[in-house]
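run-v3.cif follows (mmCIF, C-alpha atoms):
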data_input
#
loop_
_atom_site.label_atom_id
_atom_site.label_comp_id
_atom_site.auth_asym_id
_atom_site.auth_seq_id
_atom_site.Cartn_x
_atom_site.Cartn_y
_atom_site.Cartn_z
CA MET A 1 -84.16 55.62 -17.23
CA GLU A 2 -87.83 55.02 -18.09
CA PHE A 3 -88.47 52.52 -20.88
CA THR A 4 -91.36 53.27 -23.27
CA LEU A 5 -92.80 51.80 -26.44
CA TRP A 6 -91.06 54.56 -28.36
CA ASP A 7 -87.77 52.97 -27.29
CA VAL A 8 -88.92 49.73 -28.89
CA LEU A 9 -89.85 51.53 -32.11
CA THR A 10 -86.53 53.43 -32.14
CA ASP A 11 -84.51 50.26 -31.53
CA LEU A 12 -86.37 48.41 -34.29
CA GLY A 13 -85.99 51.36 -36.65
CA LEU A 14 -82.25 51.60 -36.08
CA LEU A 15 -81.88 47.85 -36.45
CA SER A 16 -83.93 47.96 -39.66
CA LEU A 17 -81.44 50.47 -41.04
CA LEU A 18 -78.58 48.11 -40.19
CA LEU A 19 -80.40 45.14 -41.75
CA LEU A 20 -80.91 47.08 -44.98
CA VAL A 21 -77.26 48.16 -44.96
CA GLY A 22 -76.28 44.53 -44.37
CA MET A 23 -78.43 43.42 -47.28
CA VAL A 24 -76.89 46.01 -49.62
CA LEU A 25 -73.36 45.13 -48.51
CA ARG A 26 -74.04 41.43 -49.08
CA ALA A 27 -75.38 42.22 -52.55
CA ARG A 28 -72.42 44.45 -53.54
CA VAL A 29 -69.29 43.37 -51.68
CA ILE A 30 -67.63 40.28 -53.16
CA PHE A 31 -65.86 39.42 -49.90
CA LEU A 32 -69.17 39.25 -48.05
CA GLN A 33 -70.70 37.25 -50.87
CA ARG A 34 -67.90 34.72 -50.63
CA SER A 35 -68.39 34.54 -46.85
CA PHE A 36 -72.11 33.75 -47.33
CA MET A 37 -72.72 35.94 -44.29
CA PRO A 38 -76.46 36.62 -43.76
CA ALA A 39 -77.53 40.26 -43.56
CA SER A 40 -78.65 39.69 -39.96
CA ILE A 41 -75.11 38.79 -38.85
CA ILE A 42 -73.65 41.74 -40.79
CA ALA A 43 -76.22 44.03 -39.14
CA GLY A 44 -75.42 42.61 -35.72
CA ILE A 45 -71.69 43.13 -36.14
CA LEU A 46 -72.28 46.70 -37.29
CA GLY A 47 -74.55 47.24 -34.29
CA LEU A 48 -71.89 45.84 -31.97
CA ILE A 49 -69.18 48.11 -33.42
CA LEU A 50 -71.30 51.26 -33.66
CA GLY A 51 -73.71 50.71 -30.76
CA PRO A 52 -73.54 51.12 -26.96
CA ASN A 53 -70.93 48.36 -26.57
CA GLY A 54 -68.71 49.82 -29.27
CA PHE A 55 -68.18 53.40 -30.45
CA GLN A 56 -71.61 54.51 -29.19
CA ILE A 57 -72.58 56.11 -32.49
CA ILE A 58 -75.94 54.34 -32.88
CA PRO A 59 -78.23 55.32 -29.96
CA PHE A 60 -79.77 51.97 -29.12
CA SER A 61 -81.59 51.86 -25.79
CA ASP A 62 -80.15 50.05 -22.79
CA PHE A 63 -82.69 47.28 -23.25
CA ILE A 64 -81.62 45.70 -26.55
CA GLY A 65 -80.22 42.74 -24.65
CA THR A 66 -83.73 41.79 -23.50
CA TYR A 67 -85.23 41.48 -26.98
CA PRO A 68 -83.68 38.08 -27.88
CA SER A 69 -85.37 36.36 -24.92
CA VAL A 70 -88.77 37.59 -26.20
CA LEU A 71 -88.04 36.80 -29.84
CA ILE A 72 -86.89 33.25 -29.09
CA ALA A 73 -90.31 32.57 -27.55
CA ILE A 74 -91.88 33.66 -30.85
CA VAL A 75 -89.52 31.40 -32.82
CA PHE A 76 -90.32 28.34 -30.68
CA ALA A 77 -94.04 29.14 -30.72
CA SER A 78 -93.92 28.96 -34.53
CA ILE A 79 -92.28 25.53 -34.76
CA PRO A 80 -95.31 23.31 -33.99
CA LEU A 81 -97.62 25.45 -36.13
CA SER A 82 -95.33 25.15 -39.17
CA SER A 83 -94.40 21.46 -38.81
CA GLU A 84 -95.67 18.88 -41.27
CA LYS A 85 -97.23 15.59 -40.21
CA PHE A 86 -94.90 12.64 -40.54
CA ASP A 87 -94.84 8.87 -40.26
CA TRP A 88 -92.02 7.83 -37.90
CA ARG A 89 -91.49 4.48 -39.65
CA LYS A 90 -91.20 6.03 -43.09
CA VAL A 91 -88.74 8.63 -41.79
CA MET A 92 -86.54 6.04 -40.09
CA ASP A 93 -86.55 3.67 -43.05
CA LYS A 94 -85.61 6.40 -45.50
CA VAL A 95 -83.11 8.53 -43.56
CA GLY A 96 -82.24 6.48 -40.49
CA GLY A 97 -78.51 6.79 -41.06
CA PHE A 98 -78.64 10.56 -41.46
CA TRP A 99 -80.83 10.85 -38.36
CA SER A 100 -78.47 8.67 -36.33
CA TYR A 101 -75.37 10.57 -37.45
CA SER A 102 -76.91 13.98 -36.78
CA GLN A 103 -78.48 13.03 -33.47
CA ILE A 104 -75.21 11.62 -32.13
CA ILE A 105 -73.31 14.78 -33.08
CA MET A 106 -75.87 16.95 -31.33
CA LEU A 107 -75.95 14.88 -28.13
CA LEU A 108 -72.17 14.59 -27.92
CA MET A 109 -71.53 18.26 -28.54
CA TRP A 110 -73.78 19.10 -25.60
CA GLY A 111 -72.46 16.31 -23.38
CA LEU A 112 -68.76 16.27 -24.27
CA GLY A 113 -68.59 20.07 -24.39
CA LEU A 114 -69.83 20.19 -20.81
CA MET A 115 -67.57 17.32 -19.76
CA PHE A 116 -64.50 18.97 -21.28
CA ALA A 117 -65.22 22.19 -19.41
CA LEU A 118 -65.91 20.40 -16.12
CA ILE A 119 -62.62 18.52 -16.30
CA PHE A 120 -60.28 21.21 -17.63
CA LEU A 121 -61.83 24.69 -17.56
CA VAL A 122 -63.92 24.88 -14.39
CA PRO A 123 -61.15 23.84 -11.98
CA THR A 124 -58.44 25.78 -13.83
CA PHE A 125 -60.20 29.07 -14.60
CA HIS A 126 -63.04 28.89 -12.04
CA VAL A 127 -65.70 29.54 -14.68
CA HIS A 128 -69.38 28.73 -14.21
CA ASP A 129 -70.31 25.02 -14.11
CA GLY A 130 -72.45 25.51 -17.20
CA PHE A 131 -69.60 27.05 -19.21
CA GLY A 132 -69.25 23.98 -21.43
CA LEU A 133 -72.84 24.31 -22.66
CA LEU A 134 -71.88 27.52 -24.46
CA LEU A 135 -70.20 25.42 -27.15
CA ALA A 136 -73.30 23.53 -28.28
CA ALA A 137 -75.56 26.54 -27.72
CA GLY A 138 -73.50 28.60 -30.17
CA PHE A 139 -72.29 25.98 -32.64
CA VAL A 140 -74.95 23.33 -33.22
CA GLY A 141 -77.70 25.61 -31.92
CA GLY A 142 -76.89 28.97 -33.48
CA HIS A 143 -77.98 32.40 -32.32
CA GLY A 144 -81.52 31.30 -31.48
CA THR A 145 -80.34 28.60 -29.09
CA ALA A 146 -77.71 30.97 -27.71
CA ALA A 147 -80.46 33.44 -26.84
CA ALA A 148 -82.56 30.73 -25.24
CA LEU A 149 -79.76 29.26 -23.13
CA GLY A 150 -78.44 32.70 -22.19
CA ASP A 151 -81.88 33.78 -21.04
CA ALA A 152 -82.32 30.61 -18.96
CA PHE A 153 -78.98 31.13 -17.21
CA GLN A 154 -79.60 34.85 -16.73
CA GLN A 155 -82.73 33.99 -14.78
CA GLN A 156 -80.51 31.82 -12.58
CA GLY A 157 -78.01 34.62 -11.93
CA TRP A 158 -75.32 33.95 -14.56
CA GLU A 159 -75.51 37.34 -16.28
CA GLU A 160 -72.56 36.76 -18.62
CA ALA A 161 -74.10 33.70 -20.28
CA THR A 162 -75.96 35.53 -23.08
CA SER A 163 -72.95 37.54 -24.28
CA LEU A 164 -70.73 34.46 -24.27
CA ALA A 165 -73.33 32.29 -26.01
CA MET A 166 -73.94 34.92 -28.70
CA THR A 167 -70.20 35.24 -29.25
CA SER A 168 -69.96 31.48 -29.57
CA ALA A 169 -72.70 31.48 -32.23
CA THR A 170 -71.07 34.32 -34.18
CA ILE A 171 -67.67 32.62 -34.14
CA GLY A 172 -69.36 29.37 -35.15
CA ALA A 173 -70.89 30.96 -38.24
CA ILE A 174 -67.50 32.36 -39.29
CA VAL A 175 -65.76 29.04 -38.66
CA ALA A 176 -68.44 27.15 -40.58
CA ILE A 177 -67.74 29.06 -43.78
CA GLY A 178 -64.04 29.87 -43.33
CA VAL A 179 -62.91 26.34 -42.50
CA GLY A 180 -65.65 24.83 -44.64
CA LEU A 181 -64.26 26.46 -47.80
CA LEU A 182 -60.80 25.10 -46.97
CA LEU A 183 -62.24 21.60 -46.53
CA ILE A 184 -64.03 21.88 -49.87
CA ARG A 185 -60.85 22.92 -51.65
CA SER A 186 -58.93 20.06 -50.08
CA ALA A 187 -61.59 17.50 -51.00
CA ALA A 188 -61.81 18.78 -54.56
CA ASN A 189 -58.03 18.43 -54.99
CA LYS A 190 -58.23 14.84 -53.71
CA GLY A 191 -61.12 13.93 -56.00
CA GLU A 192 -63.50 13.27 -53.09
CA ALA A 193 -66.21 15.66 -54.30
CA ASN A 194 -68.81 14.46 -56.80
CA TYR A 195 -70.63 17.59 -57.95
CA ILE A 196 -68.22 20.45 -57.18
CA SER A 197 -68.89 23.97 -58.42
CA ARG A 198 -66.93 27.23 -58.46
CA PHE A 199 -68.21 30.31 -56.62
CA GLU A 200 -68.71 32.11 -59.93
CA GLU A 201 -71.00 29.30 -61.13
CA LEU A 202 -73.39 29.56 -58.19
CA PRO A 203 -76.85 31.03 -58.88
CA THR A 204 -76.97 34.80 -58.54
CA GLU A 205 -79.30 34.66 -55.55
CA TYR A 206 -76.84 32.57 -53.54
CA ARG A 207 -74.07 35.07 -54.14
CA THR A 208 -75.93 38.35 -53.77
CA GLY A 209 -78.97 37.37 -51.75
CA LEU A 210 -81.26 39.03 -54.32
CA LEU A 211 -83.79 36.95 -56.26
CA PRO A 212 -84.22 37.57 -60.00
CA LYS A 213 -87.81 38.00 -61.22
CA GLU A 214 -88.08 34.52 -62.72
CA LYS A 215 -87.17 32.85 -59.42
CA ARG A 216 -89.45 34.77 -57.10
CA THR A 217 -92.16 32.84 -55.26
CA SER A 218 -95.12 33.76 -53.10
CA MET A 219 -94.58 34.06 -49.34
CA GLY A 220 -97.85 32.19 -48.74
CA ASN A 221 -101.55 31.96 -49.45
CA ASP A 222 -104.44 33.97 -48.08
CA THR A 223 -106.45 31.50 -46.00
CA VAL A 224 -108.85 34.08 -44.57
CA SER A 225 -110.52 37.10 -46.12
CA SER A 226 -109.18 40.54 -45.35
CA ILE A 227 -112.81 41.65 -45.04
CA SER A 228 -112.71 39.87 -41.69
CA ILE A 229 -109.03 40.01 -40.74
CA ASP A 230 -105.81 40.52 -42.65
CA PRO A 231 -104.23 37.09 -43.33
CA LEU A 232 -100.84 38.18 -41.97
CA VAL A 233 -102.42 39.53 -38.78
CA PHE A 234 -104.31 36.24 -38.40
CA HIS A 235 -101.11 34.18 -38.51
CA LEU A 236 -99.26 36.67 -36.31
CA ALA A 237 -102.09 36.45 -33.78
CA LEU A 238 -101.72 32.67 -33.57
CA VAL A 239 -97.97 32.85 -33.01
CA LEU A 240 -98.16 35.72 -30.50
CA LEU A 241 -100.98 33.97 -28.62
CA VAL A 242 -98.84 30.85 -28.27
CA ALA A 243 -95.75 32.82 -27.22
CA THR A 244 -97.74 34.78 -24.64
CA GLY A 245 -99.26 31.57 -23.34
CA GLY A 246 -95.78 30.19 -22.83
CA TYR A 247 -94.77 33.31 -20.91
CA PHE A 248 -97.82 33.19 -18.64
CA LEU A 249 -97.21 29.49 -17.92
CA SER A 250 -93.58 30.26 -17.09
CA GLN A 251 -94.62 32.99 -14.65
CA PHE A 252 -97.28 30.75 -13.12
CA GLY A 253 -94.75 27.95 -12.68
CA GLU A 254 -92.30 30.26 -10.94
CA ARG A 255 -94.99 31.29 -8.45
CA LEU A 256 -95.83 27.66 -7.71
CA PHE A 257 -92.23 26.41 -7.64
CA PRO A 258 -89.84 29.33 -6.96
CA GLN A 259 -86.80 27.05 -7.22
CA LEU A 260 -87.76 25.75 -10.67
CA THR A 261 -87.41 28.00 -13.71
CA ILE A 262 -88.82 26.71 -16.99
CA PRO A 263 -88.05 29.12 -19.86
CA ALA A 264 -90.98 30.72 -21.64
CA PHE A 265 -89.73 29.52 -25.05
CA SER A 266 -89.99 25.86 -24.00
CA LEU A 267 -93.50 26.28 -22.67
CA ALA A 268 -94.43 28.23 -25.80
CA PHE A 269 -93.40 25.17 -27.81
CA LEU A 270 -95.70 22.99 -25.67
CA VAL A 271 -98.57 25.46 -26.00
CA GLY A 272 -98.00 25.42 -29.76
CA LEU A 273 -98.15 21.62 -29.82
CA PHE A 274 -101.41 21.66 -27.87
CA LEU A 275 -102.95 24.32 -30.13
CA ASN A 276 -101.82 22.41 -33.23
CA ILE A 277 -103.50 19.22 -31.96
CA MET A 278 -106.72 21.09 -31.22
CA ILE A 279 -106.68 22.72 -34.66
CA GLN A 280 -106.19 19.35 -36.35
CA LYS A 281 -108.96 17.72 -34.30
CA ALA A 282 -111.29 20.54 -35.30
CA GLU A 283 -110.21 19.97 -38.93
CA VAL A 284 -109.45 23.64 -39.50
CA ASP A 285 -105.69 23.27 -39.95
CA HIS A 286 -106.07 24.04 -43.66
CA TYR A 287 -106.70 27.67 -42.68
CA ILE A 288 -103.12 27.93 -41.42
CA ASP A 289 -100.49 28.48 -44.10
CA LYS A 290 -97.29 26.90 -42.84
CA ASN A 291 -95.20 29.05 -45.18
CA VAL A 292 -96.56 32.22 -43.58
CA ILE A 293 -95.86 30.86 -40.10
CA SER A 294 -92.32 30.00 -41.22
CA LYS A 295 -91.86 33.55 -42.49
CA VAL A 296 -92.96 34.90 -39.12
CA SER A 297 -90.42 32.62 -37.44
CA GLY A 298 -87.70 33.57 -39.92
CA SER A 299 -88.33 37.27 -39.43
CA ALA A 300 -88.12 36.91 -35.65
CA THR A 301 -84.89 34.94 -36.05
CA ASP A 302 -83.25 37.61 -38.22
CA ILE A 303 -84.10 40.33 -35.70
CA LEU A 304 -83.01 38.08 -32.83
CA VAL A 305 -79.61 37.42 -34.44
CA ALA A 306 -78.96 41.11 -35.11
CA PHE A 307 -80.00 42.27 -31.64
CA GLY A 308 -78.17 39.37 -30.01
CA ILE A 309 -74.84 40.20 -31.62
CA ALA A 310 -75.28 43.96 -31.13
CA SER A 311 -75.87 43.44 -27.41
CA ILE A 312 -72.75 41.33 -26.77
CA ASN A 313 -70.82 42.66 -23.78
CA LEU A 314 -67.24 42.69 -25.07
CA THR A 315 -65.86 43.17 -21.56
CA VAL A 316 -67.34 39.82 -20.52
CA VAL A 317 -65.85 38.14 -23.57
CA VAL A 318 -62.40 39.60 -22.91
CA GLU A 319 -62.52 38.54 -19.26
CA ASN A 320 -63.20 34.94 -20.32
CA ILE A 321 -61.09 34.93 -23.47
CA VAL A 322 -58.67 32.14 -22.50
CA PRO A 323 -61.13 29.45 -21.35
CA PHE A 324 -63.56 30.54 -24.05
CA SER A 325 -60.92 30.16 -26.77
CA ILE A 326 -59.94 26.73 -25.49
CA LEU A 327 -63.58 25.63 -25.55
CA ILE A 328 -64.02 26.90 -29.11
CA ILE A 329 -60.88 25.07 -30.29
CA PHE A 330 -62.20 21.87 -28.70
CA GLY A 331 -65.46 22.36 -30.60
CA ILE A 332 -63.69 22.85 -33.92
CA LEU A 333 -61.58 19.71 -33.43
CA PHE A 334 -64.66 17.73 -32.40
CA SER A 335 -66.56 18.87 -35.50
CA TYR A 336 -63.60 18.14 -37.78
CA PHE A 337 -63.29 14.60 -36.38
CA PHE A 338 -66.91 13.88 -37.26
CA TYR A 339 -66.51 15.36 -40.72
CA LYS A 340 -63.24 13.63 -41.57
CA VAL A 341 -63.54 10.28 -39.81
CA VAL A 342 -67.10 9.45 -38.77
CA SER A 343 -68.91 10.61 -41.91
CA LYS A 344 -66.73 8.37 -44.08
CA ASN A 345 -67.91 5.31 -42.17
CA TYR A 346 -71.52 6.40 -41.82
CA PHE A 347 -72.44 7.19 -45.40
CA GLN A 348 -72.04 4.63 -48.16
CA GLU A 349 -72.41 7.25 -50.85
CA ASN A 350 -71.87 10.99 -51.07
CA TRP A 351 -70.06 11.02 -47.73
CA PHE A 352 -68.32 14.28 -48.58
CA GLU A 353 -71.48 16.19 -49.49
CA LYS A 354 -73.29 14.97 -46.38
CA GLY A 355 -70.20 15.49 -44.26
CA ILE A 356 -69.60 19.08 -45.36
CA PHE A 357 -73.29 19.89 -44.93
CA THR A 358 -73.18 18.55 -41.39
CA TRP A 359 -69.97 20.48 -40.73
CA GLY A 360 -71.77 23.70 -41.63
CA TRP A 361 -74.77 22.76 -39.50
CA ILE A 362 -72.92 21.80 -36.32
CA THR A 363 -70.64 24.82 -36.39
CA GLY A 364 -72.80 27.57 -37.87
CA ALA A 365 -76.47 26.49 -38.13
CA VAL A 366 -78.47 25.35 -41.16
CA ALA A 367 -78.04 28.53 -43.24
CA MET A 368 -74.27 28.01 -43.33
CA ALA A 369 -74.74 24.32 -44.11
CA ILE A 370 -76.92 25.10 -47.13
CA ALA A 371 -74.41 27.67 -48.38
CA LEU A 372 -71.61 25.08 -48.33
CA LEU A 373 -73.83 22.42 -49.90
CA ARG A 374 -74.68 24.73 -52.81
CA ILE A 375 -70.98 24.91 -53.63
CA VAL A 376 -70.32 21.17 -53.58
CA ASP A 377 -73.71 20.12 -54.97
CA PRO A 378 -75.22 23.04 -56.96
CA LYS A 379 -77.99 20.93 -58.52
CA MET A 380 -78.79 19.13 -55.25
CA GLU A 381 -78.14 15.75 -56.86
CA SER A 382 -76.93 14.14 -53.62
CA LYS A 383 -80.38 14.65 -52.00
CA THR A 384 -78.56 15.71 -48.83
CA LEU A 385 -80.94 18.56 -48.01
CA ASP A 386 -84.01 16.39 -48.58
CA GLU A 387 -82.66 13.72 -46.24
CA TYR A 388 -81.71 16.27 -43.60
CA GLY A 389 -85.19 17.79 -43.70
CA LEU A 390 -86.74 14.42 -42.90
CA ALA A 391 -84.06 13.42 -40.40
CA TYR A 392 -84.46 16.63 -38.42
CA ILE A 393 -88.13 15.95 -37.64
CA PRO A 394 -87.35 13.49 -34.79
CA ILE A 395 -84.24 15.48 -33.83
CA ALA A 396 -86.13 18.73 -33.11
CA PRO A 397 -87.88 17.54 -29.91
CA VAL A 398 -84.56 16.25 -28.56
CA GLU A 399 -82.90 19.60 -29.25
CA ILE A 400 -85.68 21.46 -27.46
CA MET A 401 -85.35 19.17 -24.43
CA LEU A 402 -81.58 19.74 -24.37
CA ILE A 403 -82.02 23.51 -24.46
CA THR A 404 -84.76 23.41 -21.82
CA PHE A 405 -83.33 21.02 -19.27
CA SER A 406 -79.55 21.45 -19.52
CA PRO A 407 -79.57 24.65 -17.37
CA MET A 408 -81.70 22.84 -14.78
CA PHE A 409 -79.10 20.11 -14.38
CA ILE A 410 -76.50 22.80 -13.73
CA LEU A 411 -78.73 24.77 -11.37
CA HIS A 412 -79.42 21.70 -9.24
CA GLY A 413 -75.78 20.63 -9.13
CA ARG A 414 -76.11 17.64 -11.48
CA PRO A 415 -73.87 18.50 -14.45
CA TRP A 416 -72.32 15.03 -14.53
CA LEU A 417 -75.75 13.43 -14.71
CA PHE A 418 -76.41 15.49 -17.84
CA VAL A 419 -73.10 14.29 -19.30
CA THR A 420 -73.97 10.68 -18.48
CA ILE A 421 -77.41 10.94 -20.10
CA THR A 422 -76.22 12.57 -23.34
CA VAL A 423 -73.18 10.33 -23.80
CA GLY A 424 -75.17 7.25 -22.79
CA LEU A 425 -77.90 8.00 -25.33
CA SER A 426 -75.24 8.51 -28.00
CA ILE A 427 -73.77 5.08 -27.28
CA LEU A 428 -77.22 3.49 -27.49
CA ILE A 429 -77.88 5.16 -30.84
CA ILE A 430 -74.51 3.95 -32.14
CA LEU A 431 -75.29 0.37 -31.12
CA PHE A 432 -78.75 0.65 -32.65
CA SER A 433 -77.24 2.02 -35.88
CA ILE A 434 -74.77 -0.84 -36.12
CA ARG A 435 -77.62 -3.32 -35.66
CA ARG A 436 -79.67 -1.62 -38.39
CA GLY A 437 -76.67 -1.56 -40.73
CA TRP A 438 -76.44 2.22 -40.91
CA ILE A 439 -72.75 2.23 -40.00
CA MET A 440 -70.88 0.44 -42.77
CA ILE A 441 -67.19 0.54 -41.92
CA GLY A 442 -65.01 -0.17 -44.94
CA GLU A 443 -67.95 -0.54 -47.35
CA ARG A 444 -68.38 3.02 -48.54
CA GLU A 445 -68.82 4.14 -52.11
CA ASN A 446 -68.20 7.76 -52.92
CA GLY A 447 -70.55 8.29 -55.77
#
Spell out the structure here as structure tokens.
Amino acid sequence: MEFTLWDVLTDLGLLSLLLLVGMVLRARVIFLQRSFMPASIIAGILGLILGPNGFQIIPFSDFIGTYPSVLIAIVFASIPLSSEKFDWRKVMDKVGGFWSYSQIIMLLMWGLGLMFALIFLVPTFHVHDGFGLLLAAGFVGGHGTAAALGDAFQQQGWEEATSLAMTSATIGAIVAIGVGLLLIRSAANKGEANYISRFEELPTEYRTGLLPKEKRTSMGNDTVSSISIDPLVFHLALVLLVATGGYFLSQFGERLFPQLTIPAFSLAFLVGLFLNIMIQKAEVDHYIDKNVISKVSGSATDILVAFGIASINLTVVVENIVPFSILIIFGILFSYFFYKVVSKNYFQENWFEKGIFTWGWITGAVAMAIALLRIVDPKMESKTLDEYGLAYIPIAPVEIMLITFSPMFILHGRPWLFVTITVGLSILIILFSIRRGWIMIGERENG
């Protein structure tokens, strides 16, 4: 079957219909409002049920599974262009504990998830050596990371990786909210929550997803005149240039080193960093509106999530259902341990708010974390989101390195080296945190 640009337009048009349906359902159906499910996930599930892998009602092309690998390059290309400058010392002094806690969770989910699979699942079920990475890719990474990791493994011959990673991310989002609401109810009954709110008391926009007139804000500022070039096209051009540069570098690297595959999204991130440095040196960075770049990234992410879920191969999931389920259960127990035990000893105040936020993040990505935080801290008095925003700045490069290099360790037969590095770094961060006084066992105040 010949693939044309009309197939791209048709696929995007059909997906747009599903996104609009998802938005309307979220705005009208109380159950979906209570689930805090984004329209992109609703659209993806509808696409999975009604598309080629389901009842075959929606005539998507056979190529929808390739879109996420392109879109993730656009997402990673946007990150350096939308990042704020920061002072490392100020970040560490202000949110060192939150950084330490979050970084350890991320490293251990990647490392221990792989270790668990290598010890129990690989020898028992004869799954791929990289099977354990699906946990972190889906849970702490979300659909974007799932697309990136799946694409990297697909290039190495593991075709099932993308479907399994996308399934992991979808399950993670459901677990984040479903279990998260149970944890909130339990904490409220025990008096552990400081700023609790009922669902009915949440702002309208958090329940329906629709902003009232008085709360609407601008998407960004025009930094160039439309007489020369439309401002949106200008920002899109920057992002697409960076993403394309990453792709060309990836192809060039494969020609030079056929045995080494570096994903285009990782190289797009590096190209973006280089371009950002050049722009700052030329003192023209004020012509780039970071909000517009973020909107470009967010739009690509929504489309990525929807296409990613819609393209899940259910046959692959069913064939791996037993080891996959065991891995998911391990991930839930791991996340619960950090929420229930570690967070209490890490945070001297507002441990519950920070703990439940982190629960949402490490199981279902930041959107789910914010949804849970709005319930337990509707006025954002705990400053959890502010601290996370600062703490994530030094975490982001580590996450990108994990996504980029973890498949390489597997490809070259060094999975245990990856486990050693991630667990070893976690231990070092723990020791460093104890020395800095960030871990205060038995000295917590919950207020």
**Prompt:** How would you write, as a PyMOL selection string, the residues chosen by the PyMOL selection byres ((chain A and resi 388) around 9) on this structure?
**Reply:** chain A and resi 95+98-99+102+354+383-387+389-393
**Asked** Mind telling me what the PyMOL selection byres ((chain A and resi 291) around 8) catches here, as JSON, numbers by chain?
**Response** {"A": [82, 219, 220, 289, 290, 292, 293, 294, 295]}
Per residue of segment 65-167 of chain A within 12 Å of segment 176-195 of chain A, which atom pair is closest and at what distance in Å (one decimal), using all atoms listed in the file, listed by chain and increasing number, as JSON lines?
{"residue": "A:Gly138", "atom": "CA", "partner": "A:Ala176", "partner_atom": "CA", "distance": 11.7}
{"residue": "A:Phe139", "atom": "CA", "partner": "A:Ala176", "partner_atom": "CA", "distance": 8.9}
{"residue": "A:Val140", "atom": "CA", "partner": "A:Ala176", "partner_atom": "CA", "distance": 10.5}
{"residue": "A:Gly142", "atom": "CA", "partner": "A:Ala176", "partner_atom": "CA", "distance": 11.2}
Report as JSON lines the residues of segment 57-118 of chain A within 7 Å of segment 304-308 of chain A, each with its shortest atom pair and distance in Å (one decimal), using all atoms listed in the file, ordered by chain and increasing residue number.
{"residue": "A:Ile64", "atom": "CA", "partner": "A:Phe307", "partner_atom": "CA", "distance": 6.3}
{"residue": "A:Gly65", "atom": "CA", "partner": "A:Gly308", "partner_atom": "CA", "distance": 6.7}
{"residue": "A:Pro68", "atom": "CA", "partner": "A:Leu304", "partner_atom": "CA", "distance": 5.0}
{"residue": "A:Leu71", "atom": "CA", "partner": "A:Leu304", "partner_atom": "CA", "distance": 6.0}
**Message:** One number please: atom CA of Val423 of chain A to atom CA of Leu118 of chain A, in Å, one decimal.
**Reply:** 14.6 Å
**Message:** With the PyMOL selection byres ((chain A and resi 166-172) around 7) as the selection, what would be picked from this file? Answer as an NGL selection string, please.
**Reply:** :A and (134-135 or 138-139 or 142-143 or 146-147 or 162-165 or 173-176 or 308-309 or 312 or 363-364)
**Distance query Ala371 of chain A at most 12 Å, only C-alpha atoms, self and fewer than 5 positions along chain excluded, as a PyMOL selection string** = chain A and resi 33-38+173+176-178+180-181+184+199+202-203+205-207+209+353+356-361+364-366+376-378+380+385
**Prompt:** What's the 10 Å shell around Ala152 of chain A, counting all atoms listed in the file, without same-chain residues fewer than 5 positions away, as a PyMOL selection string?
**Reply:** chain A and resi 69+146-147+157-159+161-162+261-265+403-408
**Complete:** Using all atoms listed in the file, the residue out of A:Ala73, A:Ile79, A:Ile332, A:Leu9 with shortest distance to Leu275 of chain A is A:Ile79
**Asked** When distances are computed from only C-alpha atoms, which of A:Val341, A:Leu211, A:Leu20, A:Ala282 shows the smallest separation from Ser40 of chain A?
**Response**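 Ranked by minimum distance to Ser40 of chain A, first place goes to A:Leu20.
With only C-alpha atoms as the basis for measurement, A:Asp129 is the residue among A:Glu2, A:Glu349, A:Asp129, A:Asp62 that approaches Phe409 of chain A most closely.
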**Request:** Extract, using only C-alpha atoms, all DNA, RNA and protein residues at most 10 Å from Val239 of chain A, discarding same-chain residues fewer than 5 positions from it, and format them as a list of chain:residue names.
**Result:**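 With the cut-off at 10 Å, the set is A:Ala73, A:Ile74, A:Val75, A:Phe76, A:Ala77, A:Ser78, A:Ile79, A:Pro80, A:Leu81, A:Val233, A:Phe234, A:Thr244, A:Gly245, A:Ala268, A:Gly272, A:Ile293, A:Val296, A:Ser297.
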**Prompt:** In Å, how far is it from atom CA of Pro59 of chain A to atom CA of Gly13 of chain A?
**Reply:** 11.0 Å
